[in-house]
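Enquirer: My structure is below; once you've seen it, I'll send some questions.
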Amino acid sequence: MEVLQLLISGLSLGCVYGLIALGLVLIYKATETVNFAQGEVMMLGAFLAYTFVNVLGWPFALGFVATLAVMGVVGALLERVLMRPMLGEPPFAALMLTIGLGFVLRAIAGAAWGNEPHTLRTPFAGDVLRFGELVVGTENIAIVLGTAILCGGLYLFFRFARVGIALQAASQNQLAAFYVGIPVQRVFALVWALSAMVAATAGVLVAPVSLIDPLMGFIAIKAFAAAIVGGFGSLPGAIVGGLIVGVVEQFASRYLPPGFGDTSAYIILLVMLVARPEGIFATLQRKKV
Amino acid sequence: MRFVLKTRYGQDIDLFRHNGQRFWYALLLVALLAAPWVLGDFYVGEVSLVFIYAIAGIGLMLLVGYTGLVSLGHAAFLAIGAYAHAWLLNHGWPFPASLAAAAAFTATVGALVGIPALRMTGIYLAVATLAFAEIVEQVITRWESVTGGYRGMAVPPAELFSVSLLDVDVFYYVCLAVLVACLIAALNLLRSPSGRAMVAVRDSEVAAQSMGINLARTKTLAFAVSAGFTGIAGGLLAHKIGYLAPDAFTIVLSIQLLLMVVVGGLGSMHGVIYGAIFIGLLPQGIALVRDAAPPAVAQIPGLEPGIFGAILILFLIYEPLGIHGRWVKVRQFFTEFPLYRKATHRRQRSYLRTERVR
């Protein structure tokens with residue numbers, strides 16, 4: 001019974017990692033840059049939802065939709081203002097830029113909302129469901145359901161929208177994609193918007209479990225582990241990787257000596273990088289000259 | 001504009017291009033040696049901190065700027081060097097032996113980290129070093145018998161030739177001497193075949209391998225040397241801060257170190273020094289502005305890292321070659337005065353292609 005309980009909390013934690021990793025992978029797939037500020041974008045989304053729902057008193061659904069809309073615009077703006085000048089620069093420079101962005105976003109959030117933790121008022125938090133001896137918090141169910149719905153939506157989007165193919169082309173060869181008429185820059189802006197919306201969803205879902213404060217973005221470091229375990233560049237891989245990291249973390253902090261819970265994600269990451277660097281869902285081939 | 005007619009190979013690999021450079025560097029050294037007589041104790045301490053940052057920066061520059069491997073976990077090497085040095089001092093080792101042993105130990109750890117890193121490039125390496133740093137932080141927190149855990153660990157006062165390092169001026173000279181030694185060592189490494197191999201690996205792994213460079217050896221060496229220099233800096237930093245605790249060596253410090261080499265100018269040892277001065281003095285500058293600013297602005301939590309981040313972004317967009325690159329451009333403008341062409345320094349853009357199949 002304890003194992004099942006741990007499994008459920010691990011899965012719901014894993015969904016959060018998976019959602020952040022999903023946003024990372026979206027950007028990586030299209031633009032070949034890793035957004036080290038993904039956790040901070042999530043934090044911004046959670047704070048926005050808090051502002052709409054708690055401060056302005058809007059109904060939750062309306063506040064959530066407004067958060068998504070605003071975060072989409074924010075994501076596109078970040079791409080337009082910061083990332084577009086980096087197009088054609090070495091990937092390292094873009095990576096450093098997102099790190100700087102993370103610091104700036106954290107300072108902005110600290111200035112706007114202060115450093116004390118906040119709780120988001122949601123319709124799905126605080127209750128528990130009982131299945132026999134099993135006790136499941138409704139927020140955990142909401143996280144899993146929300147993740148599933150979001151993944152389904154993204155799958156349909158990339159399966160049926162032409163953008164999905166444009167995105168793949170842009171990532172495989174930016175210059176060639178541009179020559180054949182794919183609006184590479186607009187595709188990138190769209191991907192950043194999409195990724196910011198996914199991050200905002202993750203932020204709203206995780207808000208009842210972990211409080212909202214400017215430092216909540218640091219859990220994105222564990223999402224890197226999730227993304228790499230799944231094979232950076234694979235969308236289902238991101239979710240699967242997130243679930244693995246989440247479940248292992250829960251079990252490690254229960255059954256292993258203290259300290260292993262917090263580091264299990266990093267240990268998985270390093271083991272994965274040594275053993276199978278291309279991840280579970282490999283999308284890379286060895287470069288041939 | 002001075003043209004040096006090179007007639008011997010020795011001139012080509014000389015550390016100084018001409019006697020003018022020798023003169024100015026000698027003058028700089030004299031000025032630095034005389035500084036403790038002119039500056040107050042506080043500023044002497046701050047300048048020693050700049051020297052320590054510069055030593056760590058040499059290590060990181062060798063890795064990031066010359067070998068092209070990004071590390072987001074250099075604070076971990078700094079921590080390992082600091083704790084190893086303090087532990088050895090506690091067990092009665094003399095200062096020079098302890099510092100050297102701490103450097104050697106850190107270099108060994110660096111080589112061990114470097115081995116799995118051989119298979120990774122770019123972001124994978126960045127994330128792996130990040131994970132390594134997080135694990136080191138946890139190990140330091142949990143290994144209480146050696147590191148003191150959360151409570152921390154006092155750094156014992158050290159002596160060099162029976163002079164106490166607690167004296168600000170003595171510590172300043174020690175840091176200066178170590179920095180100069182490290183700089184000379186790094187510059188010598190860079191003009192040796194191993195250093196040239198690092199630069200070749202940075203510019204193109206495939207080309208380097210085709211020319212017969214052993215990638216594994218070069219990358220491991222780069223990691224080991226880089227970690228070694230950072231370990232030395234860690235040992236000196238331990239004396240500077242006096243009390244070691246795990247929260248002094250977080251990811252924020254790693255990123256500050258990276259910020260230092262990027263803002264200073266990647267791929268030049270001058271850049272390390274400029275970056276170290278920048279990083280060392282920026283908190284003072286921010287403190288001055290904070291005093292002058294209205295309280296509503298001055299009280300913002302996380303203001304300092306935010307400003308660091310903003311500066312990093314501005315440099316990456318407007319001057320990716322850093323302070324050193326800007327200085328080179330300004331100098332060139334004046335030496336070629338009416339003939340300077342902006343396009344000389346235009347960057348070549350290279351658009352990405354991947355080997356992904358799906």
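Every chain in the structure tokens has a letter given in the order shown (A, B, ...), and although residue numbers restart at 1 in each chain, ligands are simply numbered from 1 in the order shown.
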Just asking: which residues within range 107-147 of chain A are strand (DSSP E) according to DSSP, as a list in words?

Expert: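 Assigned to strand (DSSP E), within range 107-147 of chain A: Val128, Leu129, Arg130, Phe131, Leu134, Val135, Val136 and Gly137 of chain A.
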
Enquirer: I'd like the neighbourhood of Ala142 in chain A as a PDB file with N, CA and C atoms, in the first residue's frame, where a residue qualifies if any of its atoms comes within 10 Å (using only C-alpha atoms), though same-chain residues fewer than 3 positions away should be ignored.

Expert:
```
ATOM      1  N   SER A  12       2.673  12.087  -9.849  1.00  0.00           N
ATOM      2  CA  SER A  12       2.183  13.459  -9.981  1.00  0.00           C
ATOM      3  C   SER A  12       3.348  14.438  -9.954  1.00  0.00           C
ATOM      4  N   PRO A 123      -9.794  25.456  -7.669  1.00  0.00           N
ATOM      5  CA  PRO A 123     -10.954  24.623  -7.332  1.00  0.00           C
ATOM      6  C   PRO A 123     -10.577  23.182  -7.054  1.00  0.00           C
ATOM      7  N   PHE A 124      -9.331  22.787  -7.370  1.00  0.00           N
ATOM      8  CA  PHE A 124      -9.015  21.360  -7.294  1.00  0.00           C
ATOM      9  C   PHE A 124      -8.086  21.004  -6.135  1.00  0.00           C
ATOM     10  N   ALA A 125      -7.818  21.940  -5.233  1.00  0.00           N
ATOM     11  CA  ALA A 125      -6.835  21.623  -4.197  1.00  0.00           C
ATOM     12  C   ALA A 125      -7.508  21.401  -2.851  1.00  0.00           C
ATOM     13  N   GLY A 137      -4.567  13.014  -2.915  1.00  0.00           N
ATOM     14  CA  GLY A 137      -4.976  14.411  -2.937  1.00  0.00           C
ATOM     15  C   GLY A 137      -5.530  14.780  -4.297  1.00  0.00           C
ATOM     16  N   THR A 138      -6.582  15.625  -4.291  1.00  0.00           N
ATOM     17  CA  THR A 138      -7.174  15.985  -5.581  1.00  0.00           C
ATOM     18  C   THR A 138      -6.197  16.766  -6.445  1.00  0.00           C
ATOM     19  N   GLU A 139      -5.284  17.519  -5.791  1.00  0.00           N
ATOM     20  CA  GLU A 139      -4.346  18.275  -6.617  1.00  0.00           C
ATOM     21  C   GLU A 139      -3.434  17.342  -7.407  1.00  0.00           C
ATOM     22  N   LEU A 145      -4.144  14.605 -14.635  1.00  0.00           N
ATOM     23  CA  LEU A 145      -5.143  14.835 -15.687  1.00  0.00           C
ATOM     24  C   LEU A 145      -4.726  15.996 -16.585  1.00  0.00           C
ATOM     25  N   GLY A 146      -4.293  17.093 -15.959  1.00  0.00           N
ATOM     26  CA  GLY A 146      -3.897  18.263 -16.740  1.00  0.00           C
ATOM     27  C   GLY A 146      -2.773  17.926 -17.694  1.00  0.00           C
ATOM     28  N   THR A 147      -1.802  17.155 -17.210  1.00  0.00           N
ATOM     29  CA  THR A 147      -0.688  16.765 -18.069  1.00  0.00           C
ATOM     30  C   THR A 147      -1.181  15.939 -19.246  1.00  0.00           C
ATOM     31  N   ALA A 148      -2.060  14.991 -18.936  1.00  0.00           N
ATOM     32  CA  ALA A 148      -2.555  14.116 -20.017  1.00  0.00           C
ATOM     33  C   ALA A 148      -3.277  14.939 -21.075  1.00  0.00           C
ATOM     34  N   LEU A 205      -0.488  24.143 -12.144  1.00  0.00           N
ATOM     35  CA  LEU A 205      -0.772  22.814 -11.598  1.00  0.00           C
ATOM     36  C   LEU A 205       0.043  22.541 -10.342  1.00  0.00           C
ATOM     37  N   VAL A 206       1.286  23.026 -10.317  1.00  0.00           N
ATOM     38  CA  VAL A 206       2.149  22.706  -9.184  1.00  0.00           C
ATOM     39  C   VAL A 206       1.886  23.657  -8.015  1.00  0.00           C
TER      40      VAL A 206
END
```

Enquirer: Which residue gives the smallest distance to Ala86 in chain B among B:Arg2, B:Arg349, B:His239, B:Arg326, with only C-alpha atoms counted?

Expert: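 Answer, going by the shortest atom-to-atom distance: B:His239.
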
Enquirer: Which distance in Å separates CA of Tyr274 in chain B and CA of His74 in chain B, to one decimal?

Expert: 18.9 Å

Enquirer: Please provide the set of residues having any atom within 9 Å of Ala128 in chain B, restricted to only C-alpha atoms, with same-chain residues fewer than 3 positions apart removed, written as a PDB file with all heavy atoms, in the first residue's frame.

Expert:
```pdb
ATOM      1  N   ALA A 225      17.158  16.859 -16.023  1.00  0.00           N
ATOM      2  CA  ALA A 225      17.390  15.430 -15.911  1.00  0.00           C
ATOM      3  C   ALA A 225      16.301  14.681 -16.664  1.00  0.00           C
ATOM      4  O   ALA A 225      16.574  13.766 -17.442  1.00  0.00           O
ATOM      5  CB  ALA A 225      17.418  15.017 -14.445  1.00  0.00           C
ATOM      6  N   TYR A 266      19.862  13.997 -10.166  1.00  0.00           N
ATOM      7  CA  TYR A 266      21.168  14.271 -10.772  1.00  0.00           C
ATOM      8  C   TYR A 266      21.950  12.989 -10.992  1.00  0.00           C
ATOM      9  O   TYR A 266      22.694  12.865 -11.970  1.00  0.00           O
ATOM     10  CB  TYR A 266      21.967  15.230  -9.890  1.00  0.00           C
ATOM     11  CG  TYR A 266      21.170  16.426  -9.489  1.00  0.00           C
ATOM     12  CD1 TYR A 266      20.897  16.696  -8.166  1.00  0.00           C
ATOM     13  CD2 TYR A 266      20.630  17.266 -10.460  1.00  0.00           C
ATOM     14  CE1 TYR A 266      20.126  17.774  -7.808  1.00  0.00           C
ATOM     15  CE2 TYR A 266      19.859  18.343 -10.109  1.00  0.00           C
ATOM     16  CZ  TYR A 266      19.606  18.598  -8.777  1.00  0.00           C
ATOM     17  OH  TYR A 266      18.834  19.660  -8.431  1.00  0.00           O
ATOM     18  N   LEU A 269      20.645  11.410 -13.974  1.00  0.00           N
ATOM     19  CA  LEU A 269      21.124  12.177 -15.121  1.00  0.00           C
ATOM     20  C   LEU A 269      22.538  11.760 -15.499  1.00  0.00           C
ATOM     21  O   LEU A 269      22.831  11.470 -16.670  1.00  0.00           O
ATOM     22  CB  LEU A 269      21.084  13.666 -14.768  1.00  0.00           C
ATOM     23  CG  LEU A 269      21.771  14.625 -15.720  1.00  0.00           C
ATOM     24  CD1 LEU A 269      21.034  14.653 -17.030  1.00  0.00           C
ATOM     25  CD2 LEU A 269      21.819  16.011 -15.128  1.00  0.00           C
ATOM     26  N   LEU A 270      23.437  11.709 -14.499  1.00  0.00           N
ATOM     27  CA  LEU A 270      24.832  11.383 -14.809  1.00  0.00           C
ATOM     28  C   LEU A 270      24.959   9.949 -15.312  1.00  0.00           C
ATOM     29  O   LEU A 270      25.676   9.678 -16.273  1.00  0.00           O
ATOM     30  CB  LEU A 270      25.710  11.601 -13.568  1.00  0.00           C
ATOM     31  CG  LEU A 270      25.945  13.067 -13.217  1.00  0.00           C
ATOM     32  CD1 LEU A 270      26.854  13.190 -12.016  1.00  0.00           C
ATOM     33  CD2 LEU A 270      26.550  13.819 -14.390  1.00  0.00           C
ATOM     34  N   LEU A 273      23.818   9.860 -18.799  1.00  0.00           N
ATOM     35  CA  LEU A 273      24.746  10.491 -19.732  1.00  0.00           C
ATOM     36  C   LEU A 273      25.939   9.584 -20.015  1.00  0.00           C
ATOM     37  O   LEU A 273      26.483   9.587 -21.117  1.00  0.00           O
ATOM     38  CB  LEU A 273      25.239  11.826 -19.171  1.00  0.00           C
ATOM     39  CG  LEU A 273      24.239  12.966 -19.323  1.00  0.00           C
ATOM     40  CD1 LEU A 273      24.741  14.208 -18.630  1.00  0.00           C
ATOM     41  CD2 LEU A 273      23.988  13.260 -20.780  1.00  0.00           C
TER      42      LEU A 273
ATOM     43  N   SER B  71      31.199  24.695 -18.601  1.00  0.00           N
ATOM     44  CA  SER B  71      30.971  24.116 -17.275  1.00  0.00           C
ATOM     45  C   SER B  71      30.067  25.037 -16.472  1.00  0.00           C
ATOM     46  O   SER B  71      30.358  26.222 -16.316  1.00  0.00           O
ATOM     47  CB  SER B  71      32.294  23.927 -16.548  1.00  0.00           C
ATOM     48  OG  SER B  71      32.048  23.737 -15.180  1.00  0.00           O
ATOM     49  N   LEU B  72      28.975  24.486 -15.967  1.00  0.00           N
ATOM     50  CA  LEU B  72      28.090  25.252 -15.089  1.00  0.00           C
ATOM     51  C   LEU B  72      28.300  24.841 -13.647  1.00  0.00           C
ATOM     52  O   LEU B  72      27.483  25.127 -12.801  1.00  0.00           O
ATOM     53  CB  LEU B  72      26.626  25.014 -15.469  1.00  0.00           C
ATOM     54  CG  LEU B  72      26.121  25.731 -16.703  1.00  0.00           C
ATOM     55  CD1 LEU B  72      24.676  25.358 -16.945  1.00  0.00           C
ATOM     56  CD2 LEU B  72      26.239  27.213 -16.525  1.00  0.00           C
ATOM     57  N   GLY B  73      29.420  24.138 -13.372  1.00  0.00           N
ATOM     58  CA  GLY B  73      29.589  23.620 -12.022  1.00  0.00           C
ATOM     59  C   GLY B  73      30.926  23.945 -11.409  1.00  0.00           C
ATOM     60  O   GLY B  73      31.414  23.204 -10.565  1.00  0.00           O
ATOM     61  N   ALA B 117      32.539  13.208 -19.422  1.00  0.00           N
ATOM     62  CA  ALA B 117      32.204  14.385 -20.221  1.00  0.00           C
ATOM     63  C   ALA B 117      32.720  14.273 -21.647  1.00  0.00           C
ATOM     64  O   ALA B 117      32.312  15.038 -22.516  1.00  0.00           O
ATOM     65  CB  ALA B 117      32.785  15.633 -19.559  1.00  0.00           C
ATOM     66  N   MET B 120      30.137  13.933 -24.269  1.00  0.00           N
ATOM     67  CA  MET B 120      29.064  14.937 -24.353  1.00  0.00           C
ATOM     68  C   MET B 120      29.582  16.206 -24.984  1.00  0.00           C
ATOM     69  O   MET B 120      30.750  16.535 -24.900  1.00  0.00           O
ATOM     70  CB  MET B 120      28.589  15.300 -22.962  1.00  0.00           C
ATOM     71  CG  MET B 120      28.175  14.158 -22.135  1.00  0.00           C
ATOM     72  SD  MET B 120      27.986  14.769 -20.484  1.00  0.00           S
ATOM     73  CE  MET B 120      28.423  13.345 -19.574  1.00  0.00           C
ATOM     74  N   ILE B 123      25.206  21.447 -24.609  1.00  0.00           N
ATOM     75  CA  ILE B 123      24.290  21.534 -23.487  1.00  0.00           C
ATOM     76  C   ILE B 123      24.364  20.330 -22.576  1.00  0.00           C
ATOM     77  O   ILE B 123      24.187  20.454 -21.376  1.00  0.00           O
ATOM     78  CB  ILE B 123      22.846  21.684 -23.961  1.00  0.00           C
ATOM     79  CG1 ILE B 123      22.537  20.606 -24.948  1.00  0.00           C
ATOM     80  CG2 ILE B 123      22.603  23.040 -24.516  1.00  0.00           C
ATOM     81  CD1 ILE B 123      21.251  19.940 -24.640  1.00  0.00           C
ATOM     82  N   TYR B 124      24.638  19.142 -23.148  1.00  0.00           N
ATOM     83  CA  TYR B 124      24.696  17.954 -22.306  1.00  0.00           C
ATOM     84  C   TYR B 124      25.766  18.132 -21.256  1.00  0.00           C
ATOM     85  O   TYR B 124      25.584  17.816 -20.085  1.00  0.00           O
ATOM     86  CB  TYR B 124      24.988  16.724 -23.162  1.00  0.00           C
ATOM     87  CG  TYR B 124      23.808  16.276 -23.959  1.00  0.00           C
ATOM     88  CD1 TYR B 124      23.556  16.795 -25.205  1.00  0.00           C
ATOM     89  CD2 TYR B 124      22.937  15.335 -23.438  1.00  0.00           C
ATOM     90  CE1 TYR B 124      22.461  16.396 -25.933  1.00  0.00           C
ATOM     91  CE2 TYR B 124      21.836  14.928 -24.154  1.00  0.00           C
ATOM     92  CZ  TYR B 124      21.597  15.458 -25.407  1.00  0.00           C
ATOM     93  OH  TYR B 124      20.504  15.064 -26.101  1.00  0.00           O
ATOM     94  N   LEU B 125      26.915  18.661 -21.694  1.00  0.00           N
ATOM     95  CA  LEU B 125      28.015  18.876 -20.766  1.00  0.00           C
ATOM     96  C   LEU B 125      27.624  19.920 -19.731  1.00  0.00           C
ATOM     97  O   LEU B 125      27.888  19.757 -18.531  1.00  0.00           O
ATOM     98  CB  LEU B 125      29.243  19.325 -21.543  1.00  0.00           C
ATOM     99  CG  LEU B 125      30.488  19.451 -20.709  1.00  0.00           C
ATOM    100  CD1 LEU B 125      30.834  18.121 -20.090  1.00  0.00           C
ATOM    101  CD2 LEU B 125      31.626  19.953 -21.557  1.00  0.00           C
ATOM    102  N   ALA B 131      24.687  19.134 -12.698  1.00  0.00           N
ATOM    103  CA  ALA B 131      24.284  18.033 -11.828  1.00  0.00           C
ATOM    104  C   ALA B 131      25.428  17.659 -10.894  1.00  0.00           C
ATOM    105  O   ALA B 131      25.217  17.420  -9.697  1.00  0.00           O
ATOM    106  CB  ALA B 131      23.878  16.827 -12.671  1.00  0.00           C
ATOM    107  N   PHE B 132      26.649  17.629 -11.426  1.00  0.00           N
ATOM    108  CA  PHE B 132      27.820  17.317 -10.608  1.00  0.00           C
ATOM    109  C   PHE B 132      27.932  18.300  -9.444  1.00  0.00           C
ATOM    110  O   PHE B 132      28.167  17.915  -8.294  1.00  0.00           O
ATOM    111  CB  PHE B 132      29.073  17.357 -11.484  1.00  0.00           C
ATOM    112  CG  PHE B 132      30.354  17.418 -10.715  1.00  0.00           C
ATOM    113  CD1 PHE B 132      30.815  16.310 -10.025  1.00  0.00           C
ATOM    114  CD2 PHE B 132      31.092  18.583 -10.676  1.00  0.00           C
ATOM    115  CE1 PHE B 132      31.994  16.374  -9.307  1.00  0.00           C
ATOM    116  CE2 PHE B 132      32.269  18.649  -9.960  1.00  0.00           C
ATOM    117  CZ  PHE B 132      32.721  17.542  -9.274  1.00  0.00           C
ATOM    118  N   ALA B 133      27.731  19.587  -9.741  1.00  0.00           N
ATOM    119  CA  ALA B 133      27.863  20.605  -8.696  1.00  0.00           C
ATOM    120  C   ALA B 133      26.804  20.403  -7.619  1.00  0.00           C
ATOM    121  O   ALA B 133      27.090  20.538  -6.418  1.00  0.00           O
ATOM    122  CB  ALA B 133      27.739  21.998  -9.303  1.00  0.00           C
TER     123      ALA B 133
END
```

Enquirer: Kindly provide, as JSON, numbers by chain, the residues of chain A having any atom no farther than 8 Å from an atom of chain B, counting only C-alpha atoms.

Expert: {"A": [32, 34, 82, 85, 86, 87, 88, 89, 90, 91, 92, 93, 95, 96, 97, 99, 100, 101, 102, 103, 104, 105, 106, 107, 108, 110, 111, 114, 115, 168, 171, 172, 173, 174, 175, 224, 228, 259, 263, 266, 267, 269, 270, 273, 274, 277, 283, 284, 285, 286, 287, 289]}

Enquirer: Those same residues - N, CA and C atoms - I'd like them written as a short mmCIF file (atom, residue, chain, number, x, y, z; two decimals), in the first residue's frame.

Expert:
```
data_model
loop_
_atom_site.label_atom_id
_atom_site.label_comp_id
_atom_site.auth_asym_id
_atom_site.auth_seq_id
_atom_site.Cartn_x
_atom_site.Cartn_y
_atom_site.Cartn_z
N GLU A 32 17.32 24.65 -31.13
CA GLU A 32 18.62 24.13 -30.71
C GLU A 32 19.21 24.90 -29.55
N VAL A 34 18.85 25.62 -25.32
CA VAL A 34 18.21 25.14 -24.11
C VAL A 34 17.84 26.37 -23.31
N LEU A 82 15.07 39.05 -27.13
CA LEU A 82 16.35 38.52 -26.64
C LEU A 82 16.95 37.46 -27.55
N PRO A 85 18.26 38.28 -31.73
CA PRO A 85 19.62 38.75 -32.03
C PRO A 85 20.67 37.65 -31.93
N MET A 86 20.34 36.57 -31.21
CA MET A 86 21.32 35.51 -31.03
C MET A 86 21.27 34.48 -32.15
N LEU A 87 20.35 34.65 -33.10
CA LEU A 87 20.24 33.72 -34.21
C LEU A 87 21.55 33.73 -35.00
N GLY A 88 22.16 32.57 -35.16
CA GLY A 88 23.40 32.52 -35.90
C GLY A 88 24.63 32.68 -35.04
N GLU A 89 24.43 32.98 -33.75
CA GLU A 89 25.57 33.03 -32.82
C GLU A 89 25.82 31.62 -32.31
N PRO A 90 26.98 31.40 -31.68
CA PRO A 90 27.23 30.05 -31.15
C PRO A 90 26.19 29.67 -30.11
N PRO A 91 25.81 28.37 -30.03
CA PRO A 91 24.76 27.95 -29.10
C PRO A 91 25.10 28.29 -27.66
N PHE A 92 26.38 28.29 -27.35
CA PHE A 92 26.80 28.61 -25.99
C PHE A 92 26.32 30.00 -25.57
N ALA A 93 26.38 30.96 -26.52
CA ALA A 93 25.99 32.33 -26.19
C ALA A 93 24.51 32.39 -25.85
N LEU A 95 22.70 29.98 -24.71
CA LEU A 95 22.51 29.29 -23.43
C LEU A 95 22.81 30.24 -22.27
N MET A 96 23.94 30.95 -22.38
CA MET A 96 24.30 31.90 -21.33
C MET A 96 23.23 32.98 -21.19
N LEU A 97 22.69 33.38 -22.34
CA LEU A 97 21.69 34.44 -22.30
C LEU A 97 20.46 34.00 -21.52
N ILE A 99 20.42 31.89 -19.13
CA ILE A 99 20.77 31.87 -17.71
C ILE A 99 20.62 33.27 -17.12
N GLY A 100 21.14 34.27 -17.87
CA GLY A 100 20.99 35.65 -17.42
C GLY A 100 19.53 36.04 -17.29
N LEU A 101 18.74 35.58 -18.26
CA LEU A 101 17.30 35.87 -18.25
C LEU A 101 16.65 35.32 -16.99
N GLY A 102 17.07 34.11 -16.58
CA GLY A 102 16.51 33.52 -15.37
C GLY A 102 16.72 34.43 -14.15
N PHE A 103 17.95 34.95 -14.03
CA PHE A 103 18.24 35.84 -12.91
C PHE A 103 17.38 37.10 -12.96
N VAL A 104 17.23 37.64 -14.17
CA VAL A 104 16.46 38.88 -14.30
C VAL A 104 15.00 38.63 -13.93
N LEU A 105 14.44 37.51 -14.44
CA LEU A 105 13.04 37.22 -14.15
C LEU A 105 12.82 37.03 -12.65
N ARG A 106 13.79 36.39 -11.99
CA ARG A 106 13.65 36.18 -10.56
C ARG A 106 13.64 37.53 -9.82
N ALA A 107 14.53 38.44 -10.25
CA ALA A 107 14.57 39.75 -9.61
C ALA A 107 13.27 40.50 -9.87
N ILE A 108 12.73 40.39 -11.10
CA ILE A 108 11.48 41.07 -11.42
C ILE A 108 10.35 40.53 -10.54
N GLY A 110 10.64 39.08 -7.66
CA GLY A 110 10.87 39.51 -6.28
C GLY A 110 10.41 40.95 -6.08
N ALA A 111 10.63 41.78 -7.11
CA ALA A 111 10.25 43.19 -7.00
C ALA A 111 8.73 43.34 -7.06
N GLY A 114 7.25 40.23 -4.17
CA GLY A 114 7.88 40.01 -2.88
C GLY A 114 8.39 38.58 -2.73
N ASN A 115 9.10 38.32 -1.66
CA ASN A 115 9.76 37.03 -1.50
C ASN A 115 8.95 36.03 -0.68
N GLN A 168 10.12 21.06 -37.47
CA GLN A 168 11.14 20.03 -37.64
C GLN A 168 12.17 20.46 -38.67
N SER A 171 14.52 23.06 -37.39
CA SER A 171 15.53 22.60 -36.44
C SER A 171 16.61 21.80 -37.15
N GLN A 172 16.24 21.12 -38.25
CA GLN A 172 17.27 20.29 -38.89
C GLN A 172 18.27 21.13 -39.66
N ASN A 173 17.81 22.19 -40.30
CA ASN A 173 18.75 23.05 -41.01
C ASN A 173 18.12 24.42 -41.16
N GLN A 174 18.52 25.33 -40.29
CA GLN A 174 17.89 26.65 -40.26
C GLN A 174 17.94 27.35 -41.61
N LEU A 175 19.13 27.35 -42.21
CA LEU A 175 19.31 28.12 -43.44
C LEU A 175 18.50 27.52 -44.57
N PHE A 224 15.73 19.19 -16.30
CA PHE A 224 16.80 18.90 -17.26
C PHE A 224 17.09 17.41 -17.25
N ILE A 228 16.78 14.94 -20.42
CA ILE A 228 17.91 14.17 -20.96
C ILE A 228 17.64 12.68 -20.88
N GLY A 259 19.45 12.74 1.79
CA GLY A 259 20.38 13.30 0.82
C GLY A 259 20.19 12.67 -0.54
N THR A 263 19.24 14.29 -4.50
CA THR A 263 20.24 14.15 -5.56
C THR A 263 19.89 13.07 -6.57
N TYR A 266 19.86 14.00 -10.17
CA TYR A 266 21.17 14.27 -10.77
C TYR A 266 21.95 12.99 -10.99
N ILE A 267 21.77 12.04 -10.06
CA ILE A 267 22.48 10.77 -10.23
C ILE A 267 21.94 10.04 -11.45
N LEU A 269 20.64 11.41 -13.97
CA LEU A 269 21.12 12.18 -15.12
C LEU A 269 22.54 11.76 -15.50
N LEU A 270 23.44 11.71 -14.50
CA LEU A 270 24.83 11.38 -14.81
C LEU A 270 24.96 9.95 -15.31
N LEU A 273 23.82 9.86 -18.80
CA LEU A 273 24.75 10.49 -19.73
C LEU A 273 25.94 9.58 -20.01
N VAL A 274 26.34 8.81 -19.00
CA VAL A 274 27.47 7.92 -19.22
C VAL A 274 27.02 6.69 -20.01
N PRO A 277 23.86 8.38 -23.62
CA PRO A 277 23.71 9.84 -23.67
C PRO A 277 22.59 10.29 -24.60
N THR A 283 17.11 10.51 -30.67
CA THR A 283 16.80 11.24 -31.90
C THR A 283 18.07 11.70 -32.60
N LEU A 284 19.20 11.30 -32.07
CA LEU A 284 20.47 11.77 -32.66
C LEU A 284 21.19 10.61 -33.34
N GLN A 285 21.89 10.95 -34.39
CA GLN A 285 22.78 9.95 -34.98
C GLN A 285 24.19 10.47 -34.90
N ARG A 286 25.15 9.59 -34.94
CA ARG A 286 26.55 10.00 -34.89
C ARG A 286 26.85 10.81 -36.15
N LYS A 287 27.57 11.91 -35.95
CA LYS A 287 27.90 12.78 -37.08
C LYS A 287 28.88 12.08 -38.02
N VAL A 289 31.36 12.41 -41.41
CA VAL A 289 32.07 13.45 -42.15
C VAL A 289 32.26 13.00 -43.58
#
```

Enquirer: If we count only C-alpha atoms, what is near Ser264 in chain A at a cut-off of 12 Å, once residues fewer than 6 positions away on the same chain are taken out, given as a PyMOL selection string?

Expert: (chain A and resi 222+225-226+244-258+270-272) or (chain B and resi 131-132+134-135+138)

Enquirer: Store the residues picked out above in a file with C-alpha atoms, as a CSV table (one decimal), in the first residue's frame.

Expert:
```csv
chain,number,residue,atom,x,y,z
A,222,LYS,CA,15.5,18.4,-12.2
A,225,ALA,CA,17.4,15.4,-15.9
A,226,ALA,CA,13.9,14.5,-17.1
A,244,ILE,CA,10.9,8.2,-14.1
A,245,VAL,CA,12.7,11.1,-12.3
A,246,GLY,CA,9.6,11.8,-10.1
A,247,VAL,CA,9.0,8.2,-9.1
A,248,VAL,CA,12.6,7.5,-8.4
A,249,GLU,CA,12.9,10.6,-6.3
A,250,GLN,CA,9.9,9.7,-4.2
A,251,PHE,CA,11.2,6.2,-3.6
A,252,ALA,CA,14.8,7.3,-2.9
A,253,SER,CA,13.8,9.8,-0.3
A,254,ARG,CA,11.6,7.2,1.4
A,255,TYR,CA,14.0,4.2,1.4
A,256,LEU,CA,17.5,5.6,1.0
A,257,PRO,CA,19.5,7.6,3.5
A,258,PRO,CA,18.8,11.3,3.6
A,270,LEU,CA,24.8,11.4,-14.8
A,271,VAL,CA,24.3,7.6,-15.1
A,272,MET,CA,22.2,8.2,-18.2
B,131,ALA,CA,24.3,18.0,-11.8
B,132,PHE,CA,27.8,17.3,-10.6
B,134,GLU,CA,24.5,19.8,-7.0
B,135,ILE,CA,25.8,16.4,-6.0
B,138,GLN,CA,24.9,17.5,-1.1
```
